[in-house]
$ cat target-v5.txt   # compact mmCIF, C-alpha atoms and all ligand atoms
# COMPACT_ATOMS: atom_id res chain seq x y z
CA MET A 1 -61.21 22.55 93.63
CA LYS A 2 -64.63 23.07 95.08
CA TYR A 3 -64.71 23.77 98.77
CA VAL A 4 -66.49 21.01 100.72
CA HIS A 5 -67.90 21.69 104.13
CA PRO A 6 -65.89 19.79 106.80
CA ASP A 7 -69.00 18.79 108.74
CA ILE A 8 -70.08 16.41 105.99
CA VAL A 9 -69.06 12.90 106.98
CA VAL A 10 -69.68 10.02 104.62
CA GLY A 11 -72.23 7.61 106.02
CA GLU A 12 -73.59 10.08 108.60
CA ALA A 13 -76.61 12.37 108.46
CA ILE A 14 -75.84 15.91 107.23
CA PRO A 15 -75.90 18.09 110.38
CA GLU A 16 -77.24 21.56 110.92
CA ILE A 17 -74.36 24.02 110.61
CA GLU A 18 -73.49 27.56 111.59
CA PRO A 19 -73.79 29.54 108.35
CA ARG A 20 -70.27 30.01 107.13
CA ILE A 21 -69.41 33.69 106.88
CA ASP A 22 -66.04 35.24 106.26
CA ALA A 23 -66.15 37.56 109.25
CA GLN A 24 -63.08 39.52 108.19
CA VAL A 25 -64.29 40.30 104.69
CA LEU A 26 -67.74 40.98 106.05
CA ALA A 27 -66.33 43.57 108.45
CA ILE A 28 -64.44 45.22 105.60
CA VAL A 29 -67.49 45.33 103.38
CA ARG A 30 -69.51 46.90 106.18
CA LYS A 31 -66.84 49.51 106.83
CA PHE A 32 -66.74 50.33 103.13
CA VAL A 33 -70.49 50.67 102.97
CA ARG A 34 -70.60 52.88 106.08
CA LEU A 35 -67.88 55.18 104.71
CA GLY A 36 -69.69 55.34 101.39
CA TYR A 37 -72.93 56.33 103.14
CA VAL A 38 -71.07 59.27 104.64
CA PHE A 39 -68.99 60.36 101.65
CA ILE A 40 -71.27 59.94 98.67
CA PRO A 41 -74.10 62.24 99.81
CA ILE A 42 -71.63 64.95 100.87
CA TYR A 43 -69.83 64.69 97.58
CA VAL A 44 -73.00 64.59 95.49
CA VAL A 45 -74.31 67.70 97.27
CA ILE A 46 -71.06 69.57 96.61
CA ALA A 47 -70.96 68.52 92.98
CA ILE A 48 -74.60 69.30 92.24
CA GLY A 49 -74.18 72.62 94.05
CA PHE A 50 -71.61 73.53 91.43
CA VAL A 51 -74.19 73.09 88.72
CA PHE A 52 -75.92 76.10 90.20
CA ILE A 53 -73.00 78.27 91.24
CA HIS A 54 -71.20 77.81 87.92
CA PRO A 55 -67.71 76.79 88.75
CA SER A 56 -64.49 77.95 87.25
CA ILE A 57 -62.24 75.28 85.83
CA PHE A 58 -60.30 75.31 89.12
CA VAL A 59 -63.41 74.56 91.15
CA LEU A 60 -64.23 71.73 88.76
CA ILE A 61 -60.75 70.30 89.10
CA GLY A 62 -61.05 70.67 92.87
CA THR A 63 -64.31 68.74 92.89
CA MET A 64 -62.77 66.07 90.73
CA LEU A 65 -59.87 65.82 93.16
CA VAL A 66 -62.21 65.51 96.15
CA GLY A 67 -64.11 62.74 94.36
CA LEU A 68 -60.93 61.04 93.31
CA SER A 69 -59.42 61.09 96.76
CA ILE A 70 -62.58 59.50 98.18
CA TRP A 71 -62.34 56.88 95.48
CA VAL A 72 -58.64 56.26 96.06
CA ALA A 73 -58.94 56.30 99.85
CA LEU A 74 -61.69 53.70 99.87
CA PHE A 75 -60.28 51.45 97.23
CA VAL A 76 -56.60 51.52 98.08
CA ARG A 77 -57.43 50.75 101.68
CA TYR A 78 -59.54 47.73 100.82
CA ARG A 79 -57.83 46.60 97.66
CA GLU A 80 -56.19 43.58 99.20
CA SER A 81 -59.40 42.56 100.85
CA LEU A 82 -61.31 43.01 97.61
CA LYS A 83 -58.91 40.68 95.86
CA LYS A 84 -59.37 38.19 98.66
CA MET A 85 -63.12 38.47 98.43
CA LYS A 86 -63.06 37.46 94.79
CA LYS A 87 -61.03 34.34 95.52
CA ASP A 88 -62.74 33.39 98.74
CA GLU A 89 -65.57 30.95 98.42
CA TRP A 90 -66.92 31.84 101.80
CA CYS A 91 -70.02 33.93 101.79
CA ILE A 92 -70.86 37.52 102.47
CA PRO A 93 -74.55 37.74 103.43
CA PHE A 94 -76.59 38.86 100.49
CA VAL A 95 -77.81 42.18 101.86
CA ASP A 96 -74.29 43.33 102.70
CA GLY A 97 -73.03 42.25 99.31
CA MET A 98 -75.72 44.30 97.60
CA LYS A 99 -75.03 47.34 99.76
CA TYR A 100 -71.38 47.07 98.87
CA ARG A 101 -72.17 46.99 95.17
CA ALA A 102 -74.61 49.89 95.41
CA VAL A 103 -72.09 52.03 97.26
CA SER A 104 -69.31 51.17 94.78
CA ALA A 105 -71.55 52.08 91.86
CA GLY A 106 -72.57 55.28 93.63
CA ILE A 107 -68.97 56.34 94.10
CA GLY A 108 -68.20 55.59 90.49
CA ILE A 109 -71.18 57.54 89.20
CA SER A 110 -70.73 60.49 91.54
CA LEU A 111 -67.14 60.81 90.35
CA LEU A 112 -68.51 61.72 86.94
CA LEU A 113 -70.63 64.54 88.35
CA PRO A 114 -68.21 67.43 88.06
CA MET A 115 -67.31 66.45 84.53
CA MET A 116 -70.95 66.84 83.63
CA THR A 117 -71.85 70.02 85.49
CA ASP A 118 -72.09 71.90 82.21
CA ILE A 119 -75.04 69.78 81.24
CA GLY A 120 -77.24 71.26 83.91
CA LEU A 121 -80.27 69.95 85.73
CA SER A 122 -80.68 66.91 83.52
CA LEU A 123 -77.54 65.64 85.20
CA ILE A 124 -79.55 64.69 88.26
CA PRO A 125 -82.09 62.35 86.62
CA LEU A 126 -79.35 61.06 84.30
CA MET A 127 -77.03 60.10 87.11
CA GLY A 128 -79.83 58.87 89.33
CA GLY A 129 -81.29 56.99 86.38
CA VAL A 130 -78.05 55.19 85.61
CA TRP A 131 -77.64 54.26 89.24
CA ILE A 132 -81.19 53.05 89.79
CA LEU A 133 -81.40 51.26 86.46
CA SER A 134 -78.18 49.37 87.05
CA SER A 135 -79.26 48.49 90.59
CA GLY A 136 -82.51 47.15 89.17
CA PHE A 137 -80.71 44.91 86.66
CA ALA A 138 -78.30 43.81 89.39
CA LEU A 139 -81.17 42.82 91.66
CA ILE A 140 -82.87 40.83 88.91
CA ALA A 141 -79.60 39.06 88.11
CA VAL A 142 -78.86 38.42 91.76
CA SER A 143 -82.36 37.11 92.45
CA ARG A 144 -81.63 34.38 89.88
CA ARG A 145 -77.98 33.68 90.59
CA GLY A 146 -77.13 35.21 94.00
CA ARG A 147 -76.13 33.06 96.98
CA GLN A 148 -75.74 33.58 100.69
CA PRO A 149 -74.60 31.51 103.68
CA GLY A 150 -77.01 28.77 104.66
CA GLN A 151 -77.42 25.11 105.46
CA ILE A 152 -75.73 22.39 103.42
CA SER A 153 -77.98 22.11 100.37
CA CYS A 154 -78.43 20.51 96.98
CA ASP A 155 -76.10 22.35 94.59
CA ALA A 156 -78.61 22.05 91.77
CA CYS A 157 -81.75 23.42 93.45
CA SER A 158 -80.53 24.81 96.79
CA TYR A 159 -82.87 22.56 98.78
CA PRO A 160 -81.47 21.96 102.32
CA LEU A 161 -80.21 18.38 102.77
CA VAL A 162 -80.07 18.46 106.61
CA GLY A 163 -80.67 15.01 108.08
CA LEU A 164 -80.01 13.06 104.86
CA VAL A 165 -77.15 10.57 104.40
CA LEU A 166 -74.97 10.70 101.27
CA PRO A 167 -75.33 9.37 98.66
CA CYS A 168 -78.99 10.21 98.29
CA MET A 169 -81.58 11.65 95.93
CA CYS A 170 -82.47 15.33 96.35
CA PRO A 171 -86.02 15.28 97.75
CA GLU A 172 -86.76 18.49 95.86
CA CYS A 173 -85.36 18.05 92.35
CA GLY A 174 -84.50 14.35 92.24
CA VAL A 175 -80.86 14.82 91.31
CA SER A 176 -78.51 12.11 92.60
CA VAL A 177 -76.36 13.67 95.30
CA LEU A 178 -73.56 11.10 95.16
CA GLU A 179 -70.99 12.84 97.30
CA ALA A 180 -70.13 16.07 99.11
CA GLN A 181 -69.11 17.76 95.84
CA TYR A 182 -72.78 17.89 94.85
CA THR A 183 -73.69 19.98 97.88
CA THR A 184 -73.20 23.59 98.75
CA TYR A 185 -73.10 25.53 102.01
CA CYS A 186 -73.95 28.64 100.01
CA PRO A 187 -77.38 28.02 98.50
CA ARG A 188 -79.05 30.35 96.04
CA ILE A 189 -81.05 33.04 97.74
CA ASP A 190 -84.76 32.73 97.45
CA PHE A 191 -86.42 36.12 97.75
CA PRO A 192 -89.34 36.08 95.31
CA TRP A 193 -89.94 39.82 95.89
CA LEU A 194 -86.42 40.60 94.77
CA SER A 195 -86.83 40.44 91.01
CA LYS A 196 -90.13 42.32 91.26
CA PHE A 197 -88.32 45.05 93.13
CA GLY A 198 -85.59 44.94 90.49
CA VAL A 199 -88.17 45.39 87.72
CA LEU A 200 -89.56 48.38 89.61
CA LEU A 201 -86.10 49.92 89.85
CA VAL A 202 -85.49 49.33 86.15
CA PHE A 203 -88.73 51.18 85.46
CA PHE A 204 -87.80 54.17 87.63
CA GLY A 205 -84.25 54.21 86.32
CA GLY A 206 -85.61 54.25 82.79
CA MET A 207 -87.86 57.19 83.73
CA GLY A 208 -84.79 59.02 85.04
CA LEU A 209 -82.94 58.48 81.78
CA TYR A 210 -85.98 59.59 79.82
CA PHE A 211 -86.24 62.87 81.74
CA GLY A 212 -82.50 63.36 81.60
CA PHE A 213 -82.00 62.65 77.91
CA VAL A 214 -85.29 63.40 76.22
CA ARG A 215 -87.39 65.71 78.34
CA SER A 216 -84.97 67.73 80.41
CA ASP A 217 -87.03 70.81 79.49
CA ILE A 218 -89.67 69.63 81.96
CA LEU A 219 -87.14 70.05 84.76
CA TYR A 220 -86.70 73.69 83.84
CA ASP A 221 -90.41 74.35 83.46
CA VAL A 222 -90.85 73.97 87.18
CA LEU A 223 -88.07 76.44 88.02
CA PRO A 224 -89.16 79.97 88.98
CA SER A 225 -88.18 82.53 86.35
CA PRO A 226 -85.54 84.38 88.46
CA ALA A 227 -83.71 81.09 89.12
CA LEU A 228 -83.85 80.19 85.45
CA LYS A 229 -82.48 83.60 84.55
CA ALA A 230 -79.65 83.35 87.05
CA MET A 231 -78.70 79.92 85.76
CA ALA A 232 -78.96 80.90 82.11
CA ILE A 233 -75.61 82.71 82.01
CA THR A 234 -73.60 79.55 82.41
CA ASN A 235 -76.00 76.66 82.14
CA ASP A 236 -76.70 75.70 78.54
CA GLU A 237 -80.02 73.99 79.15
CA ALA A 238 -81.31 76.79 81.37
CA PHE A 239 -80.22 79.28 78.74
CA GLU A 240 -82.08 77.51 75.98
CA ARG A 241 -85.18 77.22 78.12
CA TYR A 242 -84.98 80.87 79.19
CA THR A 243 -84.57 82.22 75.69
CA GLN A 244 -87.48 80.13 74.40
CA ASN A 245 -89.85 82.56 76.10
CA PRO A 246 -90.46 85.85 74.34
CA MET A 247 -88.27 88.55 75.88
CA SER A 248 -88.79 92.29 76.01
CA ALA A 249 -86.07 94.50 74.52
CA GLU A 250 -85.07 95.41 78.06
CA GLU A 251 -84.76 91.78 79.10
CA SER A 252 -82.70 90.96 76.03
CA ASN A 253 -80.42 93.84 76.74
CA GLU A 254 -80.05 92.80 80.35
CA LEU A 255 -79.15 89.28 79.28
CA THR A 256 -76.65 90.68 76.77
CA GLU A 257 -74.95 92.73 79.47
CA SER A 258 -74.78 89.77 81.84
CA LEU A 259 -73.29 87.53 79.16
CA ILE A 260 -70.67 90.12 78.21
CA LYS A 261 -69.75 90.68 81.84
CA TRP A 262 -69.45 86.97 82.50
CA GLY A 263 -67.64 86.36 79.22
CA GLN A 264 -64.90 88.86 79.99
CA SER A 265 -63.39 86.54 82.54
CA ASN A 266 -65.05 83.19 81.84
CA TRP A 267 -65.73 80.98 78.89
CA LEU A 268 -69.23 81.21 77.50
CA GLY A 269 -71.09 78.07 76.53
CA SER A 270 -72.00 77.58 72.90
CA PRO A 271 -75.73 78.48 73.08
CA GLN A 272 -74.85 81.68 74.95
CA ARG A 273 -72.13 82.44 72.42
CA ASP A 274 -74.45 81.77 69.51
CA TRP A 275 -77.15 83.94 70.98
CA LEU A 276 -74.73 86.79 71.56
CA GLY A 277 -73.43 86.22 68.03
CA GLY A 278 -77.01 86.56 66.81
CA ARG A 279 -77.33 89.89 68.63
CA LYS A 280 -74.08 90.95 67.03
CA VAL A 281 -75.19 90.01 63.53
CA ALA A 282 -78.57 91.62 64.05
CA GLY A 283 -76.86 94.87 65.04
CA LYS A 284 -78.42 94.80 68.48
CA LEU A 285 -75.16 95.40 70.37
CA THR A 286 -74.49 98.94 71.54
CA GLU A 287 -71.07 100.54 71.08
CA ASP A 288 -70.46 100.30 74.80
CA GLN A 289 -71.25 96.61 74.73
CA ILE A 290 -68.84 96.04 71.84
CA GLU A 291 -66.12 97.98 73.65
CA ALA A 292 -66.79 95.92 76.75
CA ILE A 293 -66.37 92.74 74.73
CA MET A 294 -63.08 93.91 73.25
CA GLU A 295 -61.76 95.00 76.64
CA GLY A 296 -61.67 91.32 77.50
CA VAL A 297 -59.37 90.52 74.61
CA PRO A 298 -55.68 90.72 75.47
CA PRO A 299 -53.09 92.10 73.04
CA ILE A 300 -51.24 90.13 70.40
CA LEU A 301 -47.42 90.10 70.49
CA ILE A 302 -44.56 88.77 68.43
CA ALA A 303 -42.96 86.02 70.47
CA GLY A 304 -39.34 85.06 69.91
CA PRO A 305 -35.87 85.24 71.43
CA THR A 306 -34.23 88.61 72.19
CA VAL A 307 -30.71 87.28 71.74
CA MET A 308 -29.40 84.82 69.14
CA ARG A 309 -25.99 83.72 67.96
CA VAL A 310 -24.91 83.52 64.34
CA GLY A 311 -25.90 80.12 63.04
CA ASP A 312 -28.85 79.73 65.47
CA GLU A 313 -32.23 78.85 64.08
CA THR A 314 -35.35 79.63 65.98
CA GLU A 315 -39.08 80.13 65.62
CA ILE A 316 -40.87 83.42 65.89
CA SER A 317 -44.63 83.43 66.22
CA LEU A 318 -47.63 85.45 67.17
CA GLU A 319 -48.88 84.97 70.68
CA SER A 320 -51.32 86.40 73.11
CA THR A 321 -49.76 86.30 76.51
CA GLU A 322 -52.63 86.90 78.90
CA LEU A 323 -53.93 83.44 79.13
CA ASN A 324 -56.74 83.98 81.59
CA THR A 325 -58.95 86.14 79.46
CA PRO A 326 -61.33 84.06 77.39
CA GLY A 327 -62.24 86.74 74.91
CA SER A 328 -62.61 84.10 72.24
CA SER A 329 -66.11 83.46 73.54
CA PHE A 330 -66.96 86.45 71.42
CA ALA A 331 -65.48 85.12 68.18
CA VAL A 332 -62.64 87.57 67.75
CA PHE A 333 -60.59 87.20 64.58
CA TYR A 334 -57.46 88.81 63.28
CA PHE A 335 -55.62 89.15 60.01
CA PHE A 336 -51.85 89.00 59.98
CA ARG A 337 -49.93 90.70 57.22
CA GLY A 338 -46.73 88.75 57.82
CA PHE A 339 -43.39 88.94 59.57
CA GLU A 340 -40.93 91.47 58.09
CA LEU A 341 -37.35 90.74 59.05
CA GLY A 342 -35.14 93.85 59.17
CA GLU A 343 -34.54 95.33 55.74
CA ASP A 344 -36.07 92.34 54.00
CA SER A 345 -39.46 93.48 52.74
CA THR A 346 -40.71 89.98 52.15
CA LEU A 347 -43.78 89.13 54.23
CA TYR A 348 -43.53 85.73 55.86
CA SER A 349 -46.50 83.69 57.09
CA GLY A 350 -48.96 86.46 56.34
CA SER A 351 -52.42 85.94 54.93
CA LYS A 352 -55.57 87.70 53.90
CA GLU A 353 -57.54 84.91 55.48
CA TYR A 354 -58.94 85.40 58.95
CA ARG A 355 -57.43 83.53 61.88
CA TRP A 356 -59.04 82.82 65.23
CA TRP A 357 -57.62 84.94 67.96
CA LYS A 358 -58.24 82.16 70.45
CA TYR A 359 -55.59 79.94 68.91
CA LEU A 360 -52.96 82.44 69.99
CA HIS A 361 -54.17 82.38 73.47
CA GLU A 362 -55.44 79.21 74.87
CA ASP A 363 -52.96 76.77 76.36
CA LEU A 364 -54.91 73.88 74.98
CA TYR A 365 -54.34 74.97 71.44
CA ARG A 366 -50.63 75.38 71.81
CA SER A 367 -49.92 71.74 71.44
CA GLY A 368 -50.44 69.39 68.56
CA SER A 369 -51.97 70.06 65.21
CA VAL A 370 -53.43 73.47 65.99
CA ALA A 371 -50.11 74.96 67.00
CA ASP A 372 -48.36 73.37 64.02
CA ASP A 373 -50.87 74.65 61.50
CA PRO A 374 -49.84 78.10 60.24
CA SER A 375 -53.42 78.90 59.32
CA ASN A 376 -54.18 78.79 63.05
CA ARG A 377 -51.03 80.39 64.39
CA PRO A 378 -48.49 82.26 62.24
CA PHE A 379 -44.89 81.22 62.85
CA TYR A 380 -41.66 81.41 60.91
CA LEU A 381 -38.27 79.80 61.36
CA ILE A 382 -35.54 82.44 61.28
CA LYS A 383 -31.82 81.89 60.95
CA ALA A 384 -29.27 84.31 62.41
CA GLU A 385 -26.71 85.01 59.70
CA HIS A 386 -24.81 88.20 60.58
CA PRO A 387 -24.10 89.86 63.92
CA GLY A 388 -26.18 92.94 64.65
CA GLU A 389 -29.78 93.76 65.39
CA VAL A 390 -32.85 92.51 63.58
CA VAL A 391 -36.19 94.17 64.08
CA VAL A 392 -39.10 91.86 63.36
CA ARG A 393 -42.19 93.77 62.40
CA GLY A 394 -45.74 92.71 61.77
CA ARG A 395 -49.19 94.16 61.45
CA VAL A 396 -52.41 92.67 62.74
CA VAL A 397 -55.95 93.79 62.18
CA VAL A 398 -58.13 92.60 65.03
CA VAL A 399 -61.81 92.28 64.24
CA LEU A 400 -65.07 91.61 65.97
CA THR A 401 -67.54 90.71 63.31
CA ASP A 402 -69.57 88.10 61.63
CA ILE A 403 -67.79 85.48 59.53
CA LYS A 404 -69.52 86.37 56.30
CA ASP A 405 -68.00 89.88 56.34
CA LEU A 406 -64.52 88.49 56.73
CA LEU A 407 -64.44 86.82 53.37
CA THR A 408 -64.00 90.15 51.63
CA PHE A 409 -60.80 91.34 53.28
CA VAL A 410 -57.63 92.34 51.40
CA TRP A 411 -54.33 94.04 52.22
CA ASP A 412 -53.92 97.06 49.96
CA GLU A 413 -50.62 98.32 48.46
CA ASP A 414 -49.85 100.41 51.55
CA GLY A 415 -50.38 97.46 53.83
CA GLU A 416 -53.72 98.63 55.11
CA GLY A 417 -56.48 96.12 55.73
CA VAL A 418 -59.52 96.84 53.59
CA PHE A 419 -62.95 95.37 54.26
CA LYS A 420 -65.81 95.30 51.85
CA ASN A 421 -68.23 95.41 54.76
CA LYS A 422 -67.18 97.36 57.79
CA PRO A 423 -66.87 95.08 60.82
CA LEU A 424 -68.38 96.00 64.17
CA TRP A 425 -64.99 96.69 65.69
CA VAL A 426 -61.58 96.96 64.02
CA ARG A 427 -58.13 97.86 65.33
CA THR A 428 -54.91 97.86 63.36
CA ILE A 429 -51.93 97.12 65.58
CA ASP A 430 -48.28 97.33 64.53
CA LEU A 431 -45.99 94.97 66.33
CA ASN A 432 -42.26 94.82 66.58
CA HIS A 433 -39.72 92.68 68.31
CA THR A 434 -35.97 93.25 68.39
CA ILE A 435 -33.46 90.42 68.27
CA VAL A 436 -29.78 91.02 68.99
CA ILE A 437 -27.54 88.67 67.04
CA GLU A 438 -24.13 87.98 68.53
CA SER A 439 -21.25 86.56 66.56
CA ALA A 440 -20.70 82.89 67.19
CA SER A 441 -17.51 83.45 69.24
CA GLU A 442 -18.91 86.26 71.38
CA GLY A 443 -19.95 85.39 74.91
CA GLY A 444 -18.87 81.79 74.49
CA GLU A 445 -19.15 78.95 76.97
CA GLY A 446 -17.10 80.62 79.71
CA GLY A 447 -18.28 84.20 79.27
ZN ZN B 501 -82.08 19.45 94.37

$ encode --input "target-v5.txt" --output "C-alpha cells" --more "lines below"
Ligand SMILES: [Zn+2]
Amino acid sequence: MKYVHPDIVVGEAIPEIEPRIDAQVLAIVRKFVRLGYVFIPIYVVIAIGFVFIHPSIFVLIGTMLVGLSIWVALFVRYRESLKKMKKDEWCIPFVDGMKYRAVSAGIGISLLLPMMTDIGLSLIPLMGGVWILSSGFALIAVSRRGRQPGQISCDACSYPLVGLVLPCMCPECGVSVLEAQYTTYCPRIDFPWLSKFGVLLVFFGGMGLYFGFVRSDILYDVLPSPALKAMAITNDEAFERYTQNPMSAEESNELTESLIKWGQSNWLGSPQRDWLGGRKVAGKLTEDQIEAIMEGVPPILIAGPTVMRVGDETEISLESTELNTPGSSFAVFYFFRGFELGEDSTLYSGSKEYRWWKYLHEDLYRSGSVADDPSNRPFYLIKAEHPGEVVVRGRVVVVLTDIKDLLTFVWDEDGEGVFKNKPLWVRTIDLNHTIVIESASEGGEGG
C-alpha cells in the first residue's frame, strides 16, 4: 500500500512539512560513500601499478583478494541496511543516492582491474569509460525518474500542493487530486542541468571506450621509448607497439635476451611468444640463447607407484614435476616412444606424433579433457599379475623447433628418433621407473 503522509488531514489545507528523510539509512549511505572514497583510489592505484610492474600470478591473486575483501567488508556490513533501503519508501536525498551508486559501481569496476592487467594501458580508459558512461546514463535516467524528499506534491507532475484542500485540481497539470493517495512527499527531482551533464558524461565515457578498444596505440605513442621497452616484456600492447618500430640487430638481440630471461621463470604473453618463435624460425637465435631457453625446461619423468600388490590396477604416466618453470612459453615438444613393461617389448601409448611438453607440467592441464587425452599426456593402465619387480622404461625425444619440422619425425628400428629436418635443439632421454609387486597376502592389513 502506498505510504501517505500523516500530516494530510481531509478537509484541511496541506501544510508545509519537514522533508521526510530516513536518517538511519542516510547515515549508512554516507558511511559507505566515505569508505568508498578512501578505498577505491588506493585500490585502483595498486591495481594499475601492477600493470607496470608485471605481477606474478600470486601478486594478481593478492590484488584480487584485496579488492574482494573491500567489496565483502563494505557489502556484508551494510547488507541488511541495503535490503531495508529497497523496501523503505522514505527518501535518501538525491545527491547522496547518486554518490552511493557511483561508489558501488566504482568498487565493482575496480574489482575487475587485476583480472585485466594483462591488457595494458588501454585498461585505464576502458575502465574509466565504463564507469563514466554508466554514470552518464544513470544521470539521464535519474533526471527523468529520480525523486528526493520534498513538500507534499501532485504525484503526476510533482507540483507542490501546499495550502490546497483535498480534493482539488492540480494547479499545474489539472489532474484531479481526489485524496491523499494522489499525492507524494517524494516529488520528482527537477534539475534541468542534470540530463545535460549526463549527456556530457556519456560522451566522455564513449571517448574512453573508443581509446581503450579501438585506438589504444595512441596511449603508447605518448610513452617515452625506454618505458615502452621496459613494459614490452610482459605487456602485450606495449610489445606490439614497440616492435612496430624498426629495430637494429642489437636491439632485437637485446629484446630476445630479455624475453628468454623473463620466460625462464614466467609465462610469456602470446605476442612475445610469437615474436620469439619468429626469431627461432628465422634462425636468429644463438646457441647460447637456445641453451638458455632449454635450461628453463624441467625434466620429464615416468610417474607411477613404487609398490603394488598382485591384482592392483594403476595408471602410469609421463609427468614433469617442476611445476614452477613455464618453459612452455618457448613451444617445447617431445616425442614419446611408449612404455615398455619389464620383458614385454610392446610399446604402450607411444607415438610418432609430437606432444606439447606443457601438458605434462601445468597444473591447469592436469584436470579434465587434456589430462584424459592420451595425445596430450601419455598414460597406461597397468595390472600387477605376479610378485616381483617390474621396470617400466620409456624414451622421450625433447625438441625445440618449429612445428613444420616436426611432421617428419619417425622412430627407426633401433628406437632412435629420426628427423627429416634437424630441429634447433634435441635431447634423447631414457626414463625408467621400478615397481615392486608384492603378493596379495604379503604385508596385509595388520603388517
Ligand atoms: Zn499535477

$ closest_residue --input "target-v5.txt" --among "A:Ala138, A:Leu112, A:Leu68, A:Leu259" --to "A:Ser195" --atoms "all atoms listed in the file"
A:Ala138

$ residues_around --input "target-v5.txt" --residues "A:Ile302" --least-positions-apart "6" --cutoff "8 Å" --atoms "only C-alpha atoms" --output "short mmCIF file (atom, residue, chain, number, x, y, z; two decimals) with C-alpha atoms, in the coordinates of the input"
data_model
loop_
_atom_site.label_atom_id
_atom_site.label_comp_id
_atom_site.auth_asym_id
_atom_site.auth_seq_id
_atom_site.Cartn_x
_atom_site.Cartn_y
_atom_site.Cartn_z
CA ILE A 316 -40.87 83.42 65.89
CA SER A 317 -44.63 83.43 66.22
CA LEU A 318 -47.63 85.45 67.17
CA GLU A 319 -48.88 84.97 70.68
CA GLY A 394 -45.74 92.71 61.77
CA LEU A 431 -45.99 94.97 66.33
CA ASN A 432 -42.26 94.82 66.58
CA HIS A 433 -39.72 92.68 68.31
#

$ residues_near_ligand --input "target-v5.txt" --ligand "ligand ZN 501 (chain B)" --cutoff "12 Å" --atoms "only C-alpha atoms and all ligand atoms" --output "PyMOL selection string"
chain A and resi 152-161+168-178+182-184+187-188

$ write_last_selection --input "target-v5.txt" --atoms "C-alpha atoms" --output "PDB file, in the coordinates of the input"
ATOM      1  CA  ILE A 152     -75.730  22.390 103.420  1.00  0.00           C
ATOM      2  CA  SER A 153     -77.980  22.110 100.370  1.00  0.00           C
ATOM      3  CA  CYS A 154     -78.430  20.510  96.980  1.00  0.00           C
ATOM      4  CA  ASP A 155     -76.100  22.350  94.590  1.00  0.00           C
ATOM      5  CA  ALA A 156     -78.610  22.050  91.770  1.00  0.00           C
ATOM      6  CA  CYS A 157     -81.750  23.420  93.450  1.00  0.00           C
ATOM      7  CA  SER A 158     -80.530  24.810  96.790  1.00  0.00           C
ATOM      8  CA  TYR A 159     -82.870  22.560  98.780  1.00  0.00           C
ATOM      9  CA  PRO A 160     -81.470  21.960 102.320  1.00  0.00           C
ATOM     10  CA  LEU A 161     -80.210  18.380 102.770  1.00  0.00           C
ATOM     11  CA  CYS A 168     -78.990  10.210  98.290  1.00  0.00           C
ATOM     12  CA  MET A 169     -81.580  11.650  95.930  1.00  0.00           C
ATOM     13  CA  CYS A 170     -82.470  15.330  96.350  1.00  0.00           C
ATOM     14  CA  PRO A 171     -86.020  15.280  97.750  1.00  0.00           C
ATOM     15  CA  GLU A 172     -86.760  18.490  95.860  1.00  0.00           C
ATOM     16  CA  CYS A 173     -85.360  18.050  92.350  1.00  0.00           C
ATOM     17  CA  GLY A 174     -84.500  14.350  92.240  1.00  0.00           C
ATOM     18  CA  VAL A 175     -80.860  14.820  91.310  1.00  0.00           C
ATOM     19  CA  SER A 176     -78.510  12.110  92.600  1.00  0.00           C
ATOM     20  CA  VAL A 177     -76.360  13.670  95.300  1.00  0.00           C
ATOM     21  CA  LEU A 178     -73.560  11.100  95.160  1.00  0.00           C
ATOM     22  CA  TYR A 182     -72.780  17.890  94.850  1.00  0.00           C
ATOM     23  CA  THR A 183     -73.690  19.980  97.880  1.00  0.00           C
ATOM     24  CA  THR A 184     -73.200  23.590  98.750  1.00  0.00           C
ATOM     25  CA  PRO A 187     -77.380  28.020  98.500  1.00  0.00           C
ATOM     26  CA  ARG A 188     -79.050  30.350  96.040  1.00  0.00           C
TER      27      ARG A 188
END

$ closest_residue --input "target-v5.txt" --among "A:Glu16, A:Leu400, A:Gly277, A:Phe213" --to "A:Glu295" --atoms "all atoms listed in the file"
A:Leu400

$ residues_around --input "target-v5.txt" --residues "A:Pro224" --least-positions-apart "5" --cutoff "12 Å" --atoms "only C-alpha atoms" --output "PyMOL selection string"
chain A and resi 219+229-231+238+241-242

$ residues_near_point --input "target-v5.txt" --point "(-76.8, 47.4, 99.8)" --cutoff "12 Å" --atoms "all atoms listed in the file" --output "compact mmCIF listing (two decimals) with C-alpha atoms, keeping the file's coordinate frame"
# COMPACT_ATOMS: atom_id res chain seq x y z
CA VAL A 29 -67.49 45.33 103.38
CA ARG A 30 -69.51 46.90 106.18
CA PHE A 32 -66.74 50.33 103.13
CA VAL A 33 -70.49 50.67 102.97
CA ARG A 34 -70.60 52.88 106.08
CA GLY A 36 -69.69 55.34 101.39
CA TYR A 37 -72.93 56.33 103.14
CA ILE A 92 -70.86 37.52 102.47
CA PRO A 93 -74.55 37.74 103.43
CA PHE A 94 -76.59 38.86 100.49
CA VAL A 95 -77.81 42.18 101.86
CA ASP A 96 -74.29 43.33 102.70
CA GLY A 97 -73.03 42.25 99.31
CA MET A 98 -75.72 44.30 97.60
CA LYS A 99 -75.03 47.34 99.76
CA TYR A 100 -71.38 47.07 98.87
CA ARG A 101 -72.17 46.99 95.17
CA ALA A 102 -74.61 49.89 95.41
CA VAL A 103 -72.09 52.03 97.26
CA SER A 104 -69.31 51.17 94.78
CA ALA A 105 -71.55 52.08 91.86
CA GLY A 106 -72.57 55.28 93.63
CA SER A 135 -79.26 48.49 90.59
CA ALA A 138 -78.30 43.81 89.39
CA LEU A 139 -81.17 42.82 91.66

$ closest_residue --input "target-v5.txt" --among "A:Arg145, A:Ile40, A:Ser216, A:Ser69" --to "A:Ser110" --atoms "all atoms listed in the file"
A:Ile40

$ closest_atom_pairs --input "target-v5.txt" --of "stretch 277-329 of chain A" --to "stretch 405-424 of chain A" --cutoff "9 Å" --atoms "all atoms listed in the file" --output "CSV"
residue,atom,partner,partner_atom,distance
A:Lys280,CA,A:Leu424,CA,8.1
A:Gly283,CA,A:Leu424,CA,8.6
A:Glu287,CA,A:Leu424,CA,8.7
A:Ile290,CA,A:Leu424,CA,7.7

$ closest_atom_pairs --input "target-v5.txt" --of "stretch 281-311 of chain A" --to "stretch 334-339 of chain A" --cutoff "12 Å" --atoms "all atoms listed in the file" --output "tab-separated table"
residue	atom	partner	partner_atom	distance
A:Val297	CA	A:Tyr334	CA	11.6
A:Pro299	CA	A:Tyr334	CA	11.2
A:Ile300	CA	A:Tyr334	CA	9.5
A:Leu301	CA	A:Phe336	CA	11.5
A:Ile302	CA	A:Phe339	CA	8.9
A:Ala303	CA	A:Phe339	CA	11.3
A:Gly304	CA	A:Phe339	CA	11.8
